[in-house]
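Chemist: Please find one structure pasted underneath; my questions will follow.
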Amino acid sequence: MDQHLVVMPQRITVLGSTGSIGTNTLDVIARHPERFQIFALTGSTQVDLMLRQCAQFKPRFAVMAHAPAAQQLKDKLQAEGLQTQVLSGAAALDEVSSHPDVHAVMAAIVGAAGLSPCLAAARAGKRLLLANKEALVVGAEVFLDAVKQGGATLLPIDSEHSAIFQSLPEDVSTWDTRVEKIILTASGGPFRTRELATLKDATPEQACAHPNWVMGRKISVDSATMMNKALEVIEARYLFGLPPERLEVVIHPQSIIHSMVQYRDTSVVAQLGTPDMRVPIAYGLSWPERMASGAQTLDFHALSAMTFEALDDHGHPTRFAGIHLAWDALRGPRGTTAVLNAANEIAVAAFLERRIRFDQIHDVNQNCLARLSPATPHDLDDLLAIDGQARAKAEDVVRLLAK
């Protein structure tokens with residue numbers, strides 16, 4: 001081998017670079033400047049943070065969600081003498097996700113806004129590091145068809161799905177015959193031991209105080225309701241192809257085991273690690289190799305215990321009733337999972353705005369699933385139509401509950 005051969009770094013687009021996953025991704029990439037080069041960064045409203053990221057990583061493009069923020073960023077970049085080109089809007093997100101110079105895309109935009117650039121990256125055959133739940137929860141078969149047709153490489157970044165991927169056989173064709181079930185672990189969130197009768201009085205601040213993870217407000221509330229785990233069950237169904245009845249959830253408060261795979265011979269393979277998102281991010285960036293993530297090494301001597309609890313109270317879905325909507329949605333017609341996702345986004349926003357109680361988030365989600373039967377989606381426009389219909393219905397339910 002020629003020892004003078006120069007290996008060019010991978011060019012990366014980070015969708016949602018100013019969010020939690022995005023900043024962790026940049027932390028990992030900064031540790032390996034010889035392996036990665038930032039092609040584009042995208043954000044919503046945090047202009048000053050985007051400016052700092054552009055100064056450090058010098059991307060070719062920076063995309064802001066809206067024109068006013070883009071103009072602010074452009075002015076600040078010019079004042080600093082930085083050459084990054086600033087774009088704005090949904091079309092720009094698609095452009096930097098599918099650009100021929102891009103090798104990999106970190107998809108970390110929260111919400112349905114991240115669906116279109118994920119589809120663009122998939123159709124363009126990129127290595128797609130998927131931290132955006134909506135691509136699979138909303139996109140489902142439409143998104144998987146785009147991945148297949150584009151020849152994209154799909155790698156999960158959620159800690160649970162990365163753990164499952166690491167615990168499965170390398171030969172995808174054997175998953176159905178060798179694997180008995182997939183077991184997703186859940187921390188139980190901040191209300192795991194709280195008195196049930198007091199949940200209706202839970203505040204947004206309490207719901208966002210996760211015991212193990214530092215996350216955004218929306219996903220923190222989802223962890224408190226366990227709706228994040230419902231969405232992860234749906235993701236696992238589409239990522240790994242096993243039927244819903246072979247997907248299970250167990251509560252593991254310490255968040256050390258990130259998920260498990262039980263094989264036909266009853267052996268269980270698990271992935272363990274400190275609760276640090278840089279671990280699955282580093283794995284996705286370097287796969288099939290491994291590289292330093294910056295996370296602390298797991299110290300087994302310091303672990304007091306690893307415990308597990310049943311999902312329900314003596315078989316009754318009380319504390320975490322919302323998680324069972326995952327299997328309800330998967331049993332429904334195509335598009336039903338998109339209904340659940342949209343309804344939940346509206347319900348969580350209403351709770352954070354103090355328009356409904358914490359326990360009413362589930363009421364909104366359940367009501368929308370019961371009342372909406374979507375038409376089969378075939379493309380992005382169909383998916384967005386379902387999303388819009390579900391959001392409108394959810395707002396109606398919120399208004400009724402808020403009276």
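By convention here, the chains of the structure tokens are called A, B, ... in the order presented, each chain's residues are numbered starting at 1, and ligands are numbered starting at 1 in the order presented.
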Write down as a PyMOL selection string the residues belonging to region 91-338 of chain A that are assigned strand (DSSP E or B) by DSSP computed on the backbone.
Modeler: chain A and resi 104-107+127-130+153-156+179-186+247-251+257-263+268-272+309+313+316
Chemist: Excluding Ala140 (chain A) and any residue of its chain fewer than 2 positions from it, enumerate the residues within 9 Å of it, using only C-alpha atoms, and give them as a VMD selection string.
Modeler: chain A and resid 134 to 138 142 to 145 234 to 235 238 334 to 335 337 to 338
Chemist: Any chance you can output those residues with C-alpha atoms as a CSV table (one decimal), in the first residue's frame?
Modeler:
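Dumped to again.csv:
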chain,number,residue,atom,x,y,z
A,134,GLU,CA,-40.3,11.7,12.0
A,135,ALA,CA,-38.5,10.3,9.0
A,136,LEU,CA,-39.7,6.9,10.0
A,137,VAL,CA,-42.7,7.6,12.2
A,138,VAL,CA,-44.2,10.0,9.7
A,142,VAL,CA,-42.6,6.3,1.8
A,143,PHE,CA,-39.2,7.0,3.4
A,144,LEU,CA,-38.0,3.4,3.2
A,145,ASP,CA,-38.9,3.3,-0.5
A,234,ILE,CA,-42.5,2.6,15.6
A,235,GLU,CA,-39.0,3.4,14.4
A,238,TYR,CA,-39.5,0.2,10.3
A,334,ARG,CA,-50.7,3.3,6.5
A,335,GLY,CA,-50.4,6.9,7.7
A,337,THR,CA,-48.2,6.6,12.8
A,338,ALA,CA,-48.1,10.1,11.2
Chemist: What's the 9 Å shell around Val179 (chain A), counting only C-alpha atoms, without same-chain residues fewer than 5 positions away, as number ranges by chain?
Modeler: A: 168-169, 174, 242, 261-265
Chemist: Which residues, written as a PDB file with C-alpha atoms, in the first residue's frame, have at least one atom at most 10 Å from Lys181 (chain A), with only C-alpha atoms counted and residues fewer than 2 positions away on the same chain left out?
Modeler:
ATOM      1  CA  TRP A 175     -32.578 -11.101  11.400  1.00  0.00           C
ATOM      2  CA  ASP A 176     -36.027 -12.634  11.044  1.00  0.00           C
ATOM      3  CA  ARG A 178     -32.243 -15.713  14.283  1.00  0.00           C
ATOM      4  CA  VAL A 179     -33.895 -12.989  16.383  1.00  0.00           C
ATOM      5  CA  ILE A 183     -36.156  -5.144  23.749  1.00  0.00           C
ATOM      6  CA  LEU A 184     -35.994  -1.370  24.019  1.00  0.00           C
ATOM      7  CA  LEU A 242     -39.659  -7.292  12.812  1.00  0.00           C
ATOM      8  CA  PRO A 243     -43.440  -7.356  13.372  1.00  0.00           C
ATOM      9  CA  PRO A 244     -44.802  -5.206  16.220  1.00  0.00           C
ATOM     10  CA  GLU A 245     -45.527  -8.201  18.453  1.00  0.00           C
ATOM     11  CA  ARG A 246     -41.784  -8.931  18.550  1.00  0.00           C
ATOM     12  CA  LEU A 247     -40.965  -5.502  19.960  1.00  0.00           C
ATOM     13  CA  GLU A 248     -40.898  -5.062  23.735  1.00  0.00           C
ATOM     14  CA  MET A 260     -31.160  -5.529  23.795  1.00  0.00           C
ATOM     15  CA  VAL A 261     -31.770  -8.264  21.262  1.00  0.00           C
ATOM     16  CA  GLN A 262     -33.058 -11.656  22.369  1.00  0.00           C
ATOM     17  CA  TYR A 263     -32.180 -14.519  20.027  1.00  0.00           C
ATOM     18  CA  ARG A 264     -34.074 -17.732  19.281  1.00  0.00           C
ATOM     19  CA  THR A 266     -32.899 -17.186  24.483  1.00  0.00           C
ATOM     20  CA  VAL A 268     -29.621 -11.801  24.983  1.00  0.00           C
TER      21      VAL A 268
END
Chemist: With only C-alpha atoms as the basis for distance, which of A:Asp387, A:Asp48, A:Asp312, A:Glu205 is at the shortest distance from Glu353 (chain A)?
Modeler: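 Ranked by minimum distance to Glu353 (chain A), first place goes to A:Glu205.
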Chemist: Please return as a PyMOL selection string: the residues of region 145-196 of chain A that backbone DSSP assigns to alpha helix (DSSP H).
Modeler: chain A and resi 145-150+159-167+175-178
Chemist: Kindly give the distance, in Å, that separates CA of Tyr283 (chain A) and CA of Leu239 (chain A), rounded to a single decimal.
Modeler: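 Between CA of Tyr283 (chain A) and CA of Leu239 (chain A) the gap is 16.7 Å.
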Chemist: Can you tell me which residues surround Gly322 (chain A) at a distance of at most 9 Å, considering only C-alpha atoms, apart from same-chain residues fewer than 2 positions away, and format the answer as a PyMOL selection string?
Modeler: chain A and resi 225-227+230+317-320+324-326+361-363+365-366
Chemist: Would you export the selected residues with all heavy atoms as a short mmCIF file (atom, residue, chain, number, x, y, z; two decimals), in the first residue's frame, please?
Modeler:
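Saved the output as again.cif:
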data_model
loop_
_atom_site.label_atom_id
_atom_site.label_comp_id
_atom_site.auth_asym_id
_atom_site.auth_seq_id
_atom_site.Cartn_x
_atom_site.Cartn_y
_atom_site.Cartn_z
N THR A 225 -43.88 11.30 29.45
CA THR A 225 -45.11 10.58 29.11
C THR A 225 -44.82 9.19 28.57
O THR A 225 -45.74 8.38 28.44
CB THR A 225 -45.90 11.33 28.03
OG1 THR A 225 -45.12 11.39 26.82
CG2 THR A 225 -46.27 12.74 28.47
N MET A 226 -43.56 8.92 28.22
CA MET A 226 -43.11 7.71 27.54
C MET A 226 -43.55 7.68 26.08
O MET A 226 -43.44 6.65 25.41
CB MET A 226 -43.57 6.44 28.26
CG MET A 226 -42.83 6.20 29.55
SD MET A 226 -41.25 5.36 29.31
CE MET A 226 -41.78 3.67 29.27
N MET A 227 -44.04 8.81 25.57
CA MET A 227 -44.37 8.85 24.15
C MET A 227 -43.10 8.74 23.31
O MET A 227 -43.14 8.24 22.18
CB MET A 227 -45.12 10.15 23.82
CG MET A 227 -45.57 10.27 22.36
SD MET A 227 -46.48 8.84 21.72
CE MET A 227 -47.93 8.88 22.79
N ALA A 230 -42.86 5.22 22.63
CA ALA A 230 -43.86 4.80 21.64
C ALA A 230 -43.34 5.09 20.23
O ALA A 230 -43.43 4.24 19.33
CB ALA A 230 -45.18 5.53 21.88
N PRO A 317 -52.14 -0.54 32.09
CA PRO A 317 -51.43 0.62 31.52
C PRO A 317 -51.92 1.93 32.11
O PRO A 317 -52.81 2.59 31.59
CB PRO A 317 -51.75 0.52 30.02
CG PRO A 317 -53.07 -0.18 29.96
CD PRO A 317 -53.08 -1.12 31.13
N THR A 318 -51.37 2.32 33.25
CA THR A 318 -51.85 3.52 33.93
C THR A 318 -50.85 4.66 33.81
O THR A 318 -51.12 5.67 33.19
CB THR A 318 -52.12 3.20 35.42
OG1 THR A 318 -50.96 2.54 35.96
CG2 THR A 318 -53.32 2.29 35.57
N ARG A 319 -49.67 4.49 34.40
CA ARG A 319 -48.70 5.57 34.43
C ARG A 319 -48.23 5.96 33.02
O ARG A 319 -48.06 7.12 32.70
CB ARG A 319 -47.50 5.16 35.28
CG ARG A 319 -46.49 6.28 35.47
CD ARG A 319 -45.31 5.79 36.32
NE ARG A 319 -45.75 5.27 37.60
CZ ARG A 319 -45.99 6.00 38.68
NH1 ARG A 319 -45.83 7.31 38.62
NH2 ARG A 319 -46.38 5.45 39.80
N PHE A 320 -47.99 4.96 32.17
CA PHE A 320 -47.45 5.20 30.84
C PHE A 320 -48.42 4.70 29.77
O PHE A 320 -48.04 3.97 28.86
CB PHE A 320 -46.08 4.53 30.70
CG PHE A 320 -45.07 4.99 31.70
CD1 PHE A 320 -44.48 4.10 32.58
CD2 PHE A 320 -44.71 6.32 31.77
CE1 PHE A 320 -43.54 4.52 33.50
CE2 PHE A 320 -43.76 6.76 32.70
CZ PHE A 320 -43.18 5.86 33.57
N HIS A 324 -48.68 2.52 24.68
CA HIS A 324 -49.43 1.48 23.99
C HIS A 324 -50.05 1.97 22.69
O HIS A 324 -50.46 1.17 21.85
CB HIS A 324 -50.51 0.92 24.93
CG HIS A 324 -49.93 0.27 26.15
ND1 HIS A 324 -49.49 -1.03 26.16
CD2 HIS A 324 -49.66 0.77 27.38
CE1 HIS A 324 -48.99 -1.32 27.36
NE2 HIS A 324 -49.08 -0.24 28.11
N LEU A 325 -50.08 3.29 22.50
CA LEU A 325 -50.58 3.83 21.24
C LEU A 325 -49.66 3.47 20.08
O LEU A 325 -50.08 3.50 18.92
CB LEU A 325 -50.73 5.34 21.34
CG LEU A 325 -51.75 5.86 22.38
CD1 LEU A 325 -51.78 7.38 22.38
CD2 LEU A 325 -53.14 5.28 22.12
N ALA A 326 -48.40 3.11 20.37
CA ALA A 326 -47.49 2.71 19.30
C ALA A 326 -48.02 1.48 18.58
O ALA A 326 -48.09 1.44 17.34
CB ALA A 326 -46.10 2.42 19.87
N ILE A 361 -52.23 15.18 27.71
CA ILE A 361 -51.47 14.89 26.49
C ILE A 361 -51.94 13.57 25.90
O ILE A 361 -52.18 13.46 24.68
CB ILE A 361 -49.96 14.85 26.79
CG1 ILE A 361 -49.46 16.22 27.23
CG2 ILE A 361 -49.18 14.36 25.57
CD1 ILE A 361 -48.02 16.22 27.71
N HIS A 362 -52.10 12.58 26.73
CA HIS A 362 -52.56 11.27 26.26
C HIS A 362 -53.98 11.36 25.69
O HIS A 362 -54.29 10.71 24.69
CB HIS A 362 -52.52 10.25 27.40
CG HIS A 362 -53.08 8.91 27.04
ND1 HIS A 362 -52.52 8.11 26.05
CD2 HIS A 362 -54.17 8.22 27.50
CE1 HIS A 362 -53.21 6.99 25.94
NE2 HIS A 362 -54.22 7.04 26.80
N ASP A 363 -54.83 12.17 26.31
CA ASP A 363 -56.21 12.31 25.82
C ASP A 363 -56.23 12.86 24.39
O ASP A 363 -57.02 12.40 23.55
CB ASP A 363 -57.00 13.25 26.74
CG ASP A 363 -57.16 12.70 28.14
OD1 ASP A 363 -57.11 11.45 28.30
OD2 ASP A 363 -57.33 13.50 29.08
N ASN A 365 -53.79 12.62 22.09
CA ASN A 365 -53.26 11.60 21.18
C ASN A 365 -54.26 10.49 20.92
O ASN A 365 -54.47 10.07 19.77
CB ASN A 365 -51.97 11.02 21.76
CG ASN A 365 -50.86 12.04 21.86
OD1 ASN A 365 -50.87 13.04 21.16
ND2 ASN A 365 -49.91 11.81 22.75
N GLN A 366 -54.88 10.00 21.97
CA GLN A 366 -55.83 8.91 21.85
C GLN A 366 -57.05 9.34 21.03
O GLN A 366 -57.55 8.59 20.18
CB GLN A 366 -56.25 8.45 23.24
CG GLN A 366 -57.07 7.17 23.28
CD GLN A 366 -57.34 6.73 24.70
OE1 GLN A 366 -57.61 7.55 25.58
NE2 GLN A 366 -57.26 5.43 24.95
#
Chemist: Quick one: everything within 9 Å of Phe165 (chain A), counting only C-alpha atoms, minus sequence neighbours fewer than 6 positions away in the same chain. Send it as a list in words.
Modeler: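 Contacts, in chain order: Leu155, Pro156 and Phe240 of chain A.
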Chemist: Which of these, A:Gln71, A:Ser98, A:Ser255, A:Gln78, has the shortest distance to Leu15 (chain A) once you count only C-alpha atoms?
Modeler: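 Smallest distance to Leu15 (chain A) is found for A:Ser98.
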Chemist: Would you pick out the contacts of Arg123 (chain A) at 8 Å or less, using only C-alpha atoms, so that residues sharing its chain but fewer than 4 positions from it are not included, and give the list as a VMD selection string?
Modeler: chain A and resid 98 119 146 to 147 149 to 152
Chemist: Just write the chosen residues, all heavy atoms, as a JSON list (two decimals), in the first residue's frame.
Modeler:
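Wrote it out as result20.json, contents follow:
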[["chain", "number", "residue", "atom", "x", "y", "z"],
["A", 98, "SER", "N", -28.78, 16.87, -0.28],
["A", 98, "SER", "CA", -28.64, 16.03, -1.48],
["A", 98, "SER", "C", -27.49, 16.47, -2.38],
["A", 98, "SER", "O", -27.28, 15.87, -3.44],
["A", 98, "SER", "CB", -29.94, 16.06, -2.28],
["A", 98, "SER", "OG", -30.28, 17.40, -2.67],
["A", 119, "LEU", "N", -35.75, 12.80, 3.11],
["A", 119, "LEU", "CA", -36.13, 12.17, 1.85],
["A", 119, "LEU", "C", -35.16, 12.57, 0.73],
["A", 119, "LEU", "O", -34.77, 11.73, -0.09],
["A", 119, "LEU", "CB", -37.56, 12.56, 1.47],
["A", 119, "LEU", "CG", -38.68, 11.87, 2.24],
["A", 119, "LEU", "CD1", -40.01, 12.58, 2.01],
["A", 119, "LEU", "CD2", -38.80, 10.41, 1.83],
["A", 146, "ALA", "N", -37.72, 5.50, -0.52],
["A", 146, "ALA", "CA", -36.72, 6.46, -1.00],
["A", 146, "ALA", "C", -35.31, 5.96, -0.68],
["A", 146, "ALA", "O", -34.39, 6.11, -1.50],
["A", 146, "ALA", "CB", -36.95, 7.83, -0.37],
["A", 147, "VAL", "N", -35.13, 5.38, 0.51],
["A", 147, "VAL", "CA", -33.82, 4.83, 0.89],
["A", 147, "VAL", "C", -33.43, 3.71, -0.08],
["A", 147, "VAL", "O", -32.29, 3.67, -0.57],
["A", 147, "VAL", "CB", -33.87, 4.29, 2.33],
["A", 147, "VAL", "CG1", -32.61, 3.48, 2.65],
["A", 147, "VAL", "CG2", -34.02, 5.43, 3.33],
["A", 149, "GLN", "N", -34.63, 3.07, -3.20],
["A", 149, "GLN", "CA", -34.47, 3.53, -4.57],
["A", 149, "GLN", "C", -33.19, 4.34, -4.75],
["A", 149, "GLN", "O", -32.53, 4.25, -5.79],
["A", 149, "GLN", "CB", -35.69, 4.36, -4.97],
["A", 149, "GLN", "CG", -36.96, 3.54, -5.11],
["A", 149, "GLN", "CD", -38.21, 4.40, -5.20],
["A", 149, "GLN", "OE1", -38.14, 5.62, -5.35],
["A", 149, "GLN", "NE2", -39.38, 3.77, -5.10],
["A", 150, "GLY", "N", -32.81, 5.11, -3.73],
["A", 150, "GLY", "CA", -31.61, 5.93, -3.83],
["A", 150, "GLY", "C", -30.33, 5.18, -3.49],
["A", 150, "GLY", "O", -29.24, 5.69, -3.73],
["A", 151, "GLY", "N", -30.47, 3.99, -2.91],
["A", 151, "GLY", "CA", -29.29, 3.24, -2.50],
["A", 151, "GLY", "C", -28.59, 3.88, -1.32],
["A", 151, "GLY", "O", -27.36, 3.75, -1.16],
["A", 152, "ALA", "N", -29.35, 4.57, -0.46],
["A", 152, "ALA", "CA", -28.78, 5.23, 0.70],
["A", 152, "ALA", "C", -28.40, 4.21, 1.78],
["A", 152, "ALA", "O", -28.94, 3.12, 1.83],
["A", 152, "ALA", "CB", -29.76, 6.26, 1.27]]
Chemist: Kindly indicate which residue among A:Leu51, A:Gly332, A:Ser220, A:Ala350 lies nearest to Gly81 (chain A), using only C-alpha atoms for the distances.
Modeler: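 Ranked by minimum distance to Gly81 (chain A), first place goes to A:Leu51.
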